[in-house]
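my_file.cif (mmCIF, C-alpha atoms) appears below.
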data_my_file
loop_
_atom_site.label_atom_id
_atom_site.label_comp_id
_atom_site.auth_asym_id
_atom_site.auth_seq_id
_atom_site.Cartn_x
_atom_site.Cartn_y
_atom_site.Cartn_z
CA MET A 129 -11.11 17.10 -15.31
CA THR A 130 -10.72 13.48 -14.19
CA ARG A 131 -10.51 13.31 -10.41
CA ILE A 132 -8.57 10.42 -8.87
CA ALA A 133 -8.02 9.50 -5.22
CA VAL A 134 -4.95 7.51 -4.21
CA THR A 135 -4.64 6.01 -0.74
CA PHE A 136 -1.58 4.70 1.06
CA ALA A 137 -1.38 3.47 4.62
CA LEU A 138 1.68 5.53 5.56
CA PRO A 139 3.93 8.31 4.22
CA ALA A 140 6.73 5.73 4.02
CA GLU A 141 4.79 4.23 1.11
CA SER A 142 3.68 7.43 -0.62
CA SER A 143 6.71 9.73 -0.49
CA GLU A 144 8.08 8.86 -3.94
CA PHE A 145 4.65 9.20 -5.60
CA LEU A 146 4.04 12.56 -3.89
CA ARG A 147 7.29 13.82 -5.40
CA ARG A 148 5.82 13.24 -8.87
CA LEU A 149 2.76 15.46 -8.33
CA ALA A 150 2.72 18.86 -10.01
CA ASN A 151 1.08 21.91 -8.40
CA LYS A 152 1.15 20.19 -5.02
CA SER A 153 -0.77 21.57 -2.05
CA GLN A 154 -2.04 20.34 1.32
CA SER A 155 -5.32 20.82 3.15
CA ASP A 156 -7.48 19.24 5.84
CA ARG A 157 -10.84 17.57 5.21
CA ASN A 158 -12.79 16.61 8.29
CA GLY A 159 -9.54 16.44 10.23
CA VAL A 160 -7.74 14.30 7.64
CA ARG A 161 -4.69 15.69 5.85
CA ILE A 162 -5.02 15.65 2.05
CA VAL A 163 -2.28 16.21 -0.54
CA ARG A 164 -3.53 17.51 -3.88
CA GLY A 165 -1.69 17.74 -7.16
CA ASN A 166 -1.77 16.92 -10.85
CA ILE A 167 -0.41 14.23 -13.12
CA GLY A 168 -0.96 15.51 -16.63
CA ASP A 169 -4.57 16.67 -16.79
CA ARG A 170 -5.62 14.38 -13.92
CA GLU A 171 -6.44 15.90 -10.55
CA VAL A 172 -5.09 13.64 -7.80
CA GLU A 173 -5.84 13.60 -4.08
CA VAL A 174 -3.65 11.49 -1.80
CA MET A 175 -4.74 10.37 1.68
CA HIS A 176 -3.05 8.17 4.26
CA THR A 177 -5.41 5.65 5.82
CA ARG A 178 -2.93 4.49 8.49
CA VAL A 179 -2.59 0.78 9.24
CA GLY A 180 -5.41 -1.54 10.29
CA GLU A 181 -9.19 -1.60 10.23
CA LYS A 182 -10.12 1.00 12.84
CA ALA A 183 -7.99 3.85 11.57
CA CYS A 184 -8.53 2.98 7.91
CA ARG A 185 -12.33 2.91 8.05
CA GLU A 186 -12.60 6.12 10.07
CA ARG A 187 -10.21 8.13 7.94
CA LEU A 188 -11.67 6.83 4.68
CA ARG A 189 -15.18 7.77 5.83
CA LYS A 190 -14.05 11.34 6.48
CA PHE A 191 -12.09 11.49 3.24
CA LEU A 192 -14.97 10.34 1.03
CA GLU A 193 -17.74 12.29 2.73
CA ASP A 194 -19.57 14.45 0.15
CA GLN A 195 -16.85 13.81 -2.43
CA LYS A 196 -17.04 12.43 -5.96
CA PHE A 197 -14.07 10.67 -7.52
CA ASP A 198 -13.83 9.02 -10.93
CA LEU A 199 -11.54 6.37 -9.42
CA LEU A 200 -9.84 5.45 -6.16
CA ILE A 201 -6.51 3.61 -6.27
CA SER A 202 -5.67 1.65 -3.12
CA SER A 203 -1.90 1.47 -3.10
CA GLY A 204 1.06 0.80 -0.86
CA PHE A 205 2.99 -2.31 0.18
CA ALA A 206 1.90 -5.93 0.56
CA GLY A 207 3.53 -9.13 1.75
CA ALA A 208 3.74 -12.11 -0.59
CA LEU A 209 2.38 -15.46 0.56
CA ASN A 210 4.32 -17.58 -1.92
CA ASP A 211 7.60 -17.60 -3.80
CA GLU A 212 6.00 -16.78 -7.14
CA LEU A 213 6.16 -13.10 -6.22
CA GLU A 214 9.42 -11.29 -5.54
CA VAL A 215 10.25 -8.08 -3.74
CA GLY A 216 9.52 -5.22 -6.14
CA ASP A 217 6.81 -7.04 -8.08
CA LEU A 218 3.49 -5.25 -8.58
CA LEU A 219 0.24 -6.98 -7.70
CA LEU A 220 -3.15 -6.00 -9.09
CA ALA A 221 -5.78 -7.38 -6.71
CA LYS A 222 -8.38 -8.86 -9.01
CA ASN A 223 -10.80 -9.62 -6.16
CA PHE A 224 -10.96 -5.96 -5.10
CA SER A 225 -10.47 -4.04 -8.36
CA THR A 226 -13.72 -3.05 -10.04
CA ILE A 227 -12.55 -1.24 -13.16
CA GLU A 228 -12.11 -3.01 -16.47
CA LEU A 229 -8.45 -3.67 -17.12
CA ASN A 230 -8.97 -2.96 -20.80
CA ASP A 231 -9.50 0.68 -19.84
CA SER A 232 -5.82 0.81 -18.91
CA ARG A 233 -4.46 -1.59 -21.48
CA SER A 234 -1.55 0.57 -22.66
CA SER A 235 -0.28 1.08 -19.11
CA PHE A 236 -0.65 -2.54 -18.10
CA SER A 237 1.07 -3.74 -21.24
CA LYS A 238 4.16 -1.68 -20.36
CA LEU A 239 4.32 -2.67 -16.70
CA ARG A 240 5.22 -6.01 -15.14
CA ILE A 241 2.08 -6.48 -13.09
CA PHE A 242 0.80 -9.76 -11.65
CA THR A 243 -2.94 -10.25 -11.29
CA ALA A 244 -4.08 -12.33 -8.32
CA ASP A 245 -6.20 -12.19 -5.17
CA LEU A 246 -5.16 -10.04 -2.22
CA LEU A 247 -6.16 -10.85 1.36
CA THR A 248 -6.69 -8.20 4.05
CA LEU A 249 -5.71 -9.36 7.54
CA PRO A 250 -5.67 -7.62 10.97
CA ARG A 251 -1.93 -8.09 11.52
CA LEU A 252 1.41 -8.43 9.79
CA ILE A 253 2.35 -11.96 8.72
CA ASP A 254 5.97 -13.00 8.92
CA SER A 255 6.73 -16.69 9.39
CA PHE A 256 7.29 -18.95 6.40
CA ASP A 257 4.87 -21.59 7.70
CA GLU A 258 2.10 -19.09 8.37
CA ARG A 259 2.44 -17.55 4.95
CA ASN A 260 2.14 -20.98 3.33
CA ARG A 261 -0.85 -21.93 5.46
CA ILE A 262 -2.72 -18.73 4.62
CA ALA A 263 -1.87 -19.12 0.93
CA ARG A 264 -3.35 -22.64 0.91
CA THR A 265 -6.52 -21.76 2.80
CA SER A 266 -7.27 -18.42 1.10
CA GLY A 267 -5.97 -18.83 -2.42
CA ALA A 268 -4.52 -15.32 -2.16
CA ALA A 269 -1.06 -14.38 -3.40
CA ALA A 270 -0.38 -11.55 -0.95
CA VAL A 271 -1.71 -9.81 2.16
CA ASP A 272 -2.20 -6.26 3.37
CA MET A 273 -4.11 -4.62 6.23
CA GLU A 274 -6.33 -2.05 4.49
CA THR A 275 -7.68 -2.85 1.03
CA GLY A 276 -10.68 -4.91 2.15
CA PHE A 277 -11.99 -1.95 4.14
CA ILE A 278 -11.24 0.49 1.34
CA ALA A 279 -13.20 -1.72 -1.05
CA ARG A 280 -16.23 -1.56 1.25
CA GLY A 281 -16.03 2.21 1.44
CA CYS A 282 -15.76 2.54 -2.34
CA ALA A 283 -18.76 0.25 -2.83
CA GLU A 284 -20.83 2.32 -0.41
CA HIS A 285 -20.00 5.51 -2.31
CA GLY A 286 -20.19 4.02 -5.80
CA ILE A 287 -16.52 4.75 -6.55
CA PRO A 288 -14.61 2.46 -8.96
CA LEU A 289 -11.58 0.88 -7.30
CA LEU A 290 -8.17 -0.22 -8.52
CA SER A 291 -6.00 -2.06 -5.99
CA LEU A 292 -2.28 -1.98 -6.83
CA ARG A 293 0.35 -3.08 -4.33
CA GLY A 294 4.13 -3.33 -4.35
CA ILE A 295 5.56 -6.48 -2.79
CA SER A 296 7.81 -5.53 0.13
CA ASP A 297 8.47 -8.92 1.73
CA THR A 298 8.21 -12.59 0.76
CA PRO A 299 8.73 -16.02 2.36
CA ARG A 300 12.33 -15.95 1.12
CA GLU A 301 12.87 -12.29 2.02
CA PRO A 302 10.90 -11.71 5.24
CA PHE A 303 11.00 -8.81 7.67
CA PRO A 304 14.44 -8.24 9.26
CA VAL A 305 12.92 -8.31 12.76
CA ALA A 306 9.61 -9.46 14.23
CA PRO A 307 6.64 -7.39 12.95
CA GLU A 308 5.73 -6.17 16.44
CA ILE A 309 9.24 -4.71 16.79
CA LEU A 310 9.28 -3.27 13.30
CA PHE A 311 5.92 -1.48 13.62
CA ASN A 312 3.79 -0.48 16.60
CA LEU A 313 0.18 -0.68 15.43
CA GLU A 314 -1.18 1.36 18.32
CA ARG A 315 1.28 4.20 17.75
CA GLN A 316 1.15 3.80 13.94
CA ARG A 317 4.92 3.99 13.66
CA THR A 318 8.14 2.20 14.52
CA ASP A 319 8.95 2.50 18.21
CA MET A 320 12.59 3.49 17.86
CA ALA A 321 13.41 2.77 21.51
CA THR A 322 12.06 -0.78 21.20
CA LEU A 323 13.91 -1.31 17.92
CA ALA A 324 17.16 0.06 19.33
CA THR A 325 16.92 -2.17 22.39
CA PHE A 326 16.41 -5.19 20.16
CA LEU A 327 19.35 -4.29 17.91
CA VAL A 328 21.68 -3.82 20.88
CA ALA A 329 20.79 -7.35 21.97
CA HIS A 330 20.92 -8.72 18.40
CA PRO A 331 23.53 -6.70 16.45
CA SER A 332 23.65 -9.33 13.71
CA ARG A 333 20.23 -8.08 12.57
CA ILE A 334 21.53 -4.62 11.72
CA PRO A 335 22.76 -5.54 8.20
CA ARG A 336 19.40 -7.19 7.49
CA LEU A 337 17.59 -4.03 8.61
CA ILE A 338 19.75 -1.87 6.35
CA GLN A 339 19.12 -4.23 3.44
CA PHE A 340 15.38 -4.14 4.16
CA SER A 341 15.41 -0.34 4.12
CA ARG A 342 17.05 -0.38 0.70
CA ARG A 343 14.48 -2.88 -0.55
CA ILE A 344 11.65 -0.64 0.63
CA ALA A 345 13.14 2.35 -1.16
CA ARG A 346 13.29 0.33 -4.39
CA VAL A 347 9.71 -0.90 -4.05
CA ARG A 348 8.52 2.63 -3.32
CA LYS A 349 10.11 3.88 -6.55
CA ILE A 350 8.73 1.01 -8.66
CA LEU A 351 5.25 1.60 -7.27
CA ALA A 352 5.41 5.34 -7.89
CA ASN A 353 6.52 4.82 -11.50
CA ALA A 354 3.61 2.44 -12.10
CA LEU A 355 1.05 4.74 -10.50
CA VAL A 356 2.16 7.69 -12.59
CA GLU A 357 1.88 5.67 -15.81
CA ILE A 358 -1.54 4.31 -14.88
CA VAL A 359 -2.96 7.69 -13.83
CA ARG A 360 -1.77 9.26 -17.07
CA ASP A 361 -3.49 6.57 -19.14
CA LEU A 362 -6.80 6.25 -17.29
#
Serialized structure, structure tokens:
Amino acid sequence: MTRIAVTFALPAESSEFLRRLANKSQSDRNGVRIVRGNIGDREVEVMHTRVGEKACRERLRKFLEDQKFDLLISSGFAGALNDELEVGDLLLAKNFSTIELNDSRSSFSKLRIFTADLLTLPRLIDSFDERNRIARTSGAAAVDMETGFIARGCAEHGIPLLSLRGISDTPREPFPVAPEILFNLERQRTDMATLATFLVAHPSRIPRLIQFSRRIARVRKILANALVEIVRDL
């Protein structure tokens, strides 16, 4: 049976995909929680890397230790660096993916997927000017905070990699509040007290936050649909 690993940074990215798994079960491997299930005749293991280099590298090391996978899919959200990508678009990171796209031709032909470079950075990028500057200097179309480290881990273990990301924010549709308010990297979650304090002081941001939440739900569903189709066809 083909054995596929799928990584997301956070459950907020994976929840829709996990719903699609048949025969789902959970277990711990080296202290890391794993969700197992099936898509067709493919055995799938899902692991959350958390956000950022330190957590991602440590959890991936434990996850891959003494394991053999036919493929690892690095998935989740990414932020666009230019206006060519829109919220809900899918990005295949050509600079990190190591499998031949022809192997998945039928899936890719049915899905609206853009192929471009992805850049892994140590922090969330928000401002319009910074996005444009990074786009010019890197040549990348989008950024995330994990895939570069996942690619290293896959190379060390000889595991083919496919990097597929859903675009959650763009220069025209940025985060509804500053990244450090939206997500606490140290705690690996939104600090609700900090967010609530900000919203009390800036109530006009509440509609933007609600709209952002709806956008995320849509991206999560689009990404899950694509992953299911790709896994079935691999």
Mind dumping a table of every segment 200-305 of chain A residue within 7 Å of segment 337-349 of chain A, with the nearest atom pair and its distance in Å to one decimal, using only C-alpha atoms, sorted by chain and rising number, as JSON lines?
{"residue": "A:Gly216", "atom": "CA", "partner": "A:Val347", "partner_atom": "CA", "distance": 4.8}
{"residue": "A:Gly294", "atom": "CA", "partner": "A:Val347", "partner_atom": "CA", "distance": 6.1}
{"residue": "A:Ser296", "atom": "CA", "partner": "A:Ile344", "partner_atom": "CA", "distance": 6.2}
{"residue": "A:Pro304", "atom": "CA", "partner": "A:Leu337", "partner_atom": "CA", "distance": 5.3}
Using C-alpha atoms, can you export the residues from the last selection as an mmCIF file, in the frame of the given file?
data_model
loop_
_atom_site.group_PDB
_atom_site.id
_atom_site.type_symbol
_atom_site.label_atom_id
_atom_site.label_comp_id
_atom_site.auth_asym_id
_atom_site.auth_seq_id
_atom_site.Cartn_x
_atom_site.Cartn_y
_atom_site.Cartn_z
ATOM 1 C CA GLY A 216 9.520 -5.220 -6.140
ATOM 2 C CA GLY A 294 4.130 -3.330 -4.350
ATOM 3 C CA SER A 296 7.810 -5.530 0.130
ATOM 4 C CA PRO A 304 14.440 -8.240 9.260
#
Using all atoms listed in the file, which residues of segment 238-315 of chain A come within 7 Å of segment 222-225 of chain A, and what is the closest atom pair for each, with the distance in Å to one decimal? Give it as a Markdown table, sorted by chain and residue number.
| residue | atom | partner | partner_atom | distance |
| --- | --- | --- | --- | --- |
| A:Thr243 | CA | A:Lys222 | CA | 6.1 |
| A:Ala244 | CA | A:Lys222 | CA | 5.6 |
| A:Asp245 | CA | A:Asn223 | CA | 5.4 |
| A:Leu246 | CA | A:Asn223 | CA | 6.9 |
| A:Ala279 | CA | A:Phe224 | CA | 6.3 |
| A:Leu289 | CA | A:Ser225 | CA | 5.2 |
| A:Leu290 | CA | A:Ser225 | CA | 4.5 |
| A:Ser291 | CA | A:Ser225 | CA | 5.4 |
Output of the PyMOL selection byres ((chain A and resi 355) around 12), listed as a short mmCIF file (atom, residue, chain, number, x, y, z; two decimals) with C-alpha atoms, keeping the file's coordinate frame:
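See selection02.cif below for the written result:
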data_model
loop_
_atom_site.label_atom_id
_atom_site.label_comp_id
_atom_site.auth_asym_id
_atom_site.auth_seq_id
_atom_site.Cartn_x
_atom_site.Cartn_y
_atom_site.Cartn_z
CA ILE A 132 -8.57 10.42 -8.87
CA ALA A 133 -8.02 9.50 -5.22
CA VAL A 134 -4.95 7.51 -4.21
CA THR A 135 -4.64 6.01 -0.74
CA PHE A 136 -1.58 4.70 1.06
CA SER A 142 3.68 7.43 -0.62
CA GLU A 144 8.08 8.86 -3.94
CA PHE A 145 4.65 9.20 -5.60
CA LEU A 146 4.04 12.56 -3.89
CA ARG A 148 5.82 13.24 -8.87
CA LEU A 149 2.76 15.46 -8.33
CA ILE A 167 -0.41 14.23 -13.12
CA VAL A 172 -5.09 13.64 -7.80
CA VAL A 174 -3.65 11.49 -1.80
CA LEU A 200 -9.84 5.45 -6.16
CA ILE A 201 -6.51 3.61 -6.27
CA SER A 202 -5.67 1.65 -3.12
CA SER A 203 -1.90 1.47 -3.10
CA GLY A 204 1.06 0.80 -0.86
CA LEU A 218 3.49 -5.25 -8.58
CA LEU A 220 -3.15 -6.00 -9.09
CA SER A 232 -5.82 0.81 -18.91
CA SER A 235 -0.28 1.08 -19.11
CA PHE A 236 -0.65 -2.54 -18.10
CA LEU A 239 4.32 -2.67 -16.70
CA ILE A 241 2.08 -6.48 -13.09
CA LEU A 290 -8.17 -0.22 -8.52
CA SER A 291 -6.00 -2.06 -5.99
CA LEU A 292 -2.28 -1.98 -6.83
CA ARG A 293 0.35 -3.08 -4.33
CA GLY A 294 4.13 -3.33 -4.35
CA ARG A 348 8.52 2.63 -3.32
CA LYS A 349 10.11 3.88 -6.55
CA ILE A 350 8.73 1.01 -8.66
CA LEU A 351 5.25 1.60 -7.27
CA ALA A 352 5.41 5.34 -7.89
CA ASN A 353 6.52 4.82 -11.50
CA ALA A 354 3.61 2.44 -12.10
CA VAL A 356 2.16 7.69 -12.59
CA GLU A 357 1.88 5.67 -15.81
CA ILE A 358 -1.54 4.31 -14.88
CA VAL A 359 -2.96 7.69 -13.83
CA ARG A 360 -1.77 9.26 -17.07
CA ASP A 361 -3.49 6.57 -19.14
CA LEU A 362 -6.80 6.25 -17.29
#
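Computed from the coordinates, the atom CA of Leu313 of chain A to atom CA of Thr177 of chain A distance equals 12.8 Å.
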So which residues touch Glu308 of chain A within 12 Å, counting all atoms listed in the file, skipping near sequence neighbours fewer than 6 positions away, as a VMD selection string? chain A and resid 251 to 254 314 to 320 322 to 323 326
Write out the residues from the selection above, keeping C-alpha atoms, as a PDB file, keeping the file's coordinate frame.
ATOM      1  CA  ARG A 251      -1.930  -8.090  11.520  1.00  0.00           C
ATOM      2  CA  LEU A 252       1.410  -8.430   9.790  1.00  0.00           C
ATOM      3  CA  ILE A 253       2.350 -11.960   8.720  1.00  0.00           C
ATOM      4  CA  ASP A 254       5.970 -13.000   8.920  1.00  0.00           C
ATOM      5  CA  GLU A 314      -1.180   1.360  18.320  1.00  0.00           C
ATOM      6  CA  ARG A 315       1.280   4.200  17.750  1.00  0.00           C
ATOM      7  CA  GLN A 316       1.150   3.800  13.940  1.00  0.00           C
ATOM      8  CA  ARG A 317       4.920   3.990  13.660  1.00  0.00           C
ATOM      9  CA  THR A 318       8.140   2.200  14.520  1.00  0.00           C
ATOM     10  CA  ASP A 319       8.950   2.500  18.210  1.00  0.00           C
ATOM     11  CA  MET A 320      12.590   3.490  17.860  1.00  0.00           C
ATOM     12  CA  THR A 322      12.060  -0.780  21.200  1.00  0.00           C
ATOM     13  CA  LEU A 323      13.910  -1.310  17.920  1.00  0.00           C
ATOM     14  CA  PHE A 326      16.410  -5.190  20.160  1.00  0.00           C
TER      15      PHE A 326
END
Check which residues satisfy the PyMOL selection byres ((chain A and resi 186-198) around 12) in the file shown, then give them as number ranges by chain. A: 129-137, 155-163, 170-185, 199-202, 227, 274-275, 277-290, 359, 362
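Atom pair atom CA of Phe303 of chain A / atom CA of Ser332 of chain A has a distance of 14.0 Å (rounded to one decimal).
Counting all atoms listed in the file and comparing A:Arg336, A:Ser266, A:Asn312, A:Asp297, the residue that lies closest to Phe205 of chain A is A:Asp297.
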Calculate how many Å separate atom CA of Asn210 of chain A from atom CA of Ile334 of chain A, rounding to one decimal. 25.5 Å
Explicit residue set for the PyMOL selection byres ((chain A and resi 208) around 10), as a ChimeraX atom specification: /A:205-207,209-215,217,219,246,253-254,259-260,263,268-272,294-302
Please report, as JSON, the centre and edge lengths in Å to one decimal of an axis-aligned box covering all listed atoms of segment 259-267 of chain A with 3 Å per side.
{"center_x": -2.4, "center_y": -20.1, "center_z": 1.5, "size_x": 15.7, "size_y": 11.1, "size_z": 13.9}
Please reconstruct the missing atoms of segment 266-299 of chain A (target: N, CA and C atoms) and return them as an mmCIF file, keeping the file's coordinate frame.
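See out29.cif below for the written result:
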data_model
loop_
_atom_site.group_PDB
_atom_site.id
_atom_site.type_symbol
_atom_site.label_atom_id
_atom_site.label_comp_id
_atom_site.auth_asym_id
_atom_site.auth_seq_id
_atom_site.Cartn_x
_atom_site.Cartn_y
_atom_site.Cartn_z
ATOM 1 N N SER A 266 -6.579 -19.584 1.684
ATOM 2 C CA SER A 266 -7.270 -18.420 1.100
ATOM 3 C C SER A 266 -7.205 -18.364 -0.412
ATOM 4 N N GLY A 267 -6.164 -18.942 -0.991
ATOM 5 C CA GLY A 267 -5.970 -18.830 -2.420
ATOM 6 C C GLY A 267 -5.377 -17.483 -2.840
ATOM 7 N N ALA A 268 -5.081 -16.632 -1.865
ATOM 8 C CA ALA A 268 -4.520 -15.320 -2.160
ATOM 9 C C ALA A 268 -3.018 -15.416 -2.401
ATOM 10 N N ALA A 269 -2.493 -14.417 -3.118
ATOM 11 C CA ALA A 269 -1.060 -14.380 -3.400
ATOM 12 C C ALA A 269 -0.309 -13.445 -2.467
ATOM 13 N N ALA A 270 -1.033 -12.521 -1.818
ATOM 14 C CA ALA A 270 -0.380 -11.550 -0.950
ATOM 15 C C ALA A 270 -1.387 -11.030 0.075
ATOM 16 N N VAL A 271 -0.860 -10.350 1.094
ATOM 17 C CA VAL A 271 -1.710 -9.810 2.160
ATOM 18 C C VAL A 271 -1.364 -8.346 2.422
ATOM 19 N N ASP A 272 -2.403 -7.606 2.832
ATOM 20 C CA ASP A 272 -2.200 -6.260 3.370
ATOM 21 C C ASP A 272 -3.154 -6.080 4.545
ATOM 22 N N MET A 273 -3.276 -4.846 5.054
ATOM 23 C CA MET A 273 -4.110 -4.620 6.230
ATOM 24 C C MET A 273 -5.184 -3.554 6.003
ATOM 25 N N GLU A 274 -5.390 -3.133 4.734
ATOM 26 C CA GLU A 274 -6.330 -2.050 4.490
ATOM 27 C C GLU A 274 -7.310 -2.240 3.329
ATOM 28 N N THR A 275 -6.909 -2.909 2.272
ATOM 29 C CA THR A 275 -7.680 -2.850 1.030
ATOM 30 C C THR A 275 -9.108 -3.365 1.172
ATOM 31 N N GLY A 276 -9.324 -4.400 1.977
ATOM 32 C CA GLY A 276 -10.680 -4.910 2.150
ATOM 33 C C GLY A 276 -11.630 -3.848 2.671
ATOM 34 N N PHE A 277 -11.159 -3.005 3.573
ATOM 35 C CA PHE A 277 -11.990 -1.950 4.140
ATOM 36 C C PHE A 277 -12.171 -0.800 3.161
ATOM 37 N N ILE A 278 -11.135 -0.532 2.389
ATOM 38 C CA ILE A 278 -11.240 0.490 1.340
ATOM 39 C C ILE A 278 -12.249 0.071 0.291
ATOM 40 N N ALA A 279 -12.242 -1.213 -0.060
ATOM 41 C CA ALA A 279 -13.200 -1.720 -1.050
ATOM 42 C C ALA A 279 -14.640 -1.525 -0.570
ATOM 43 N N ARG A 280 -14.884 -1.769 0.708
ATOM 44 C CA ARG A 280 -16.230 -1.560 1.250
ATOM 45 C C ARG A 280 -16.639 -0.092 1.148
ATOM 46 N N GLY A 281 -15.730 0.794 1.506
ATOM 47 C CA GLY A 281 -16.030 2.210 1.440
ATOM 48 C C GLY A 281 -16.306 2.674 0.025
ATOM 49 N N CYS A 282 -15.530 2.176 -0.939
ATOM 50 C CA CYS A 282 -15.760 2.540 -2.340
ATOM 51 C C CYS A 282 -17.109 2.026 -2.822
ATOM 52 N N ALA A 283 -17.463 0.814 -2.428
ATOM 53 C CA ALA A 283 -18.760 0.250 -2.830
ATOM 54 C C ALA A 283 -19.900 1.080 -2.269
ATOM 55 N N GLU A 284 -19.770 1.514 -1.029
ATOM 56 C CA GLU A 284 -20.830 2.320 -0.410
ATOM 57 C C GLU A 284 -21.012 3.661 -1.105
ATOM 58 N N HIS A 285 -19.932 4.209 -1.659
ATOM 59 C CA HIS A 285 -20.000 5.510 -2.310
ATOM 60 C C HIS A 285 -20.070 5.411 -3.835
ATOM 61 N N GLY A 286 -20.100 4.198 -4.359
ATOM 62 C CA GLY A 286 -20.190 4.020 -5.800
ATOM 63 C C GLY A 286 -18.950 4.486 -6.541
ATOM 64 N N ILE A 287 -17.777 4.301 -5.945
ATOM 65 C CA ILE A 287 -16.520 4.750 -6.550
ATOM 66 C C ILE A 287 -15.767 3.545 -7.119
ATOM 67 N N PRO A 288 -15.420 3.556 -8.394
ATOM 68 C CA PRO A 288 -14.610 2.460 -8.960
ATOM 69 C C PRO A 288 -13.277 2.357 -8.219
ATOM 70 N N LEU A 289 -12.796 1.122 -8.082
ATOM 71 C CA LEU A 289 -11.580 0.880 -7.300
ATOM 72 C C LEU A 289 -10.556 0.110 -8.120
ATOM 73 N N LEU A 290 -9.307 0.532 -7.994
ATOM 74 C CA LEU A 290 -8.170 -0.220 -8.520
ATOM 75 C C LEU A 290 -7.222 -0.459 -7.346
ATOM 76 N N SER A 291 -6.897 -1.717 -7.089
ATOM 77 C CA SER A 291 -6.000 -2.060 -5.990
ATOM 78 C C SER A 291 -4.658 -2.491 -6.558
ATOM 79 N N LEU A 292 -3.622 -1.689 -6.314
ATOM 80 C CA LEU A 292 -2.280 -1.980 -6.830
ATOM 81 C C LEU A 292 -1.284 -1.904 -5.684
ATOM 82 N N ARG A 293 -0.574 -2.993 -5.455
ATOM 83 C CA ARG A 293 0.350 -3.080 -4.330
ATOM 84 C C ARG A 293 1.750 -3.483 -4.786
ATOM 85 N N GLY A 294 2.749 -2.924 -4.122
ATOM 86 C CA GLY A 294 4.130 -3.330 -4.350
ATOM 87 C C GLY A 294 4.543 -4.345 -3.298
ATOM 88 N N ILE A 295 5.169 -5.420 -3.722
ATOM 89 C CA ILE A 295 5.560 -6.480 -2.790
ATOM 90 C C ILE A 295 6.826 -6.058 -2.037
ATOM 91 N N SER A 296 6.713 -5.993 -0.705
ATOM 92 C CA SER A 296 7.810 -5.530 0.130
ATOM 93 C C SER A 296 8.535 -6.654 0.866
ATOM 94 N N ASP A 297 7.859 -7.800 1.021
ATOM 95 C CA ASP A 297 8.470 -8.920 1.730
ATOM 96 C C ASP A 297 7.867 -10.215 1.202
ATOM 97 N N THR A 298 8.624 -11.297 1.302
ATOM 98 C CA THR A 298 8.210 -12.590 0.760
ATOM 99 C C THR A 298 8.651 -13.684 1.732
ATOM 100 N N PRO A 299 8.235 -14.936 1.506
ATOM 101 C CA PRO A 299 8.730 -16.020 2.360
ATOM 102 C C PRO A 299 10.256 -16.129 2.350
#
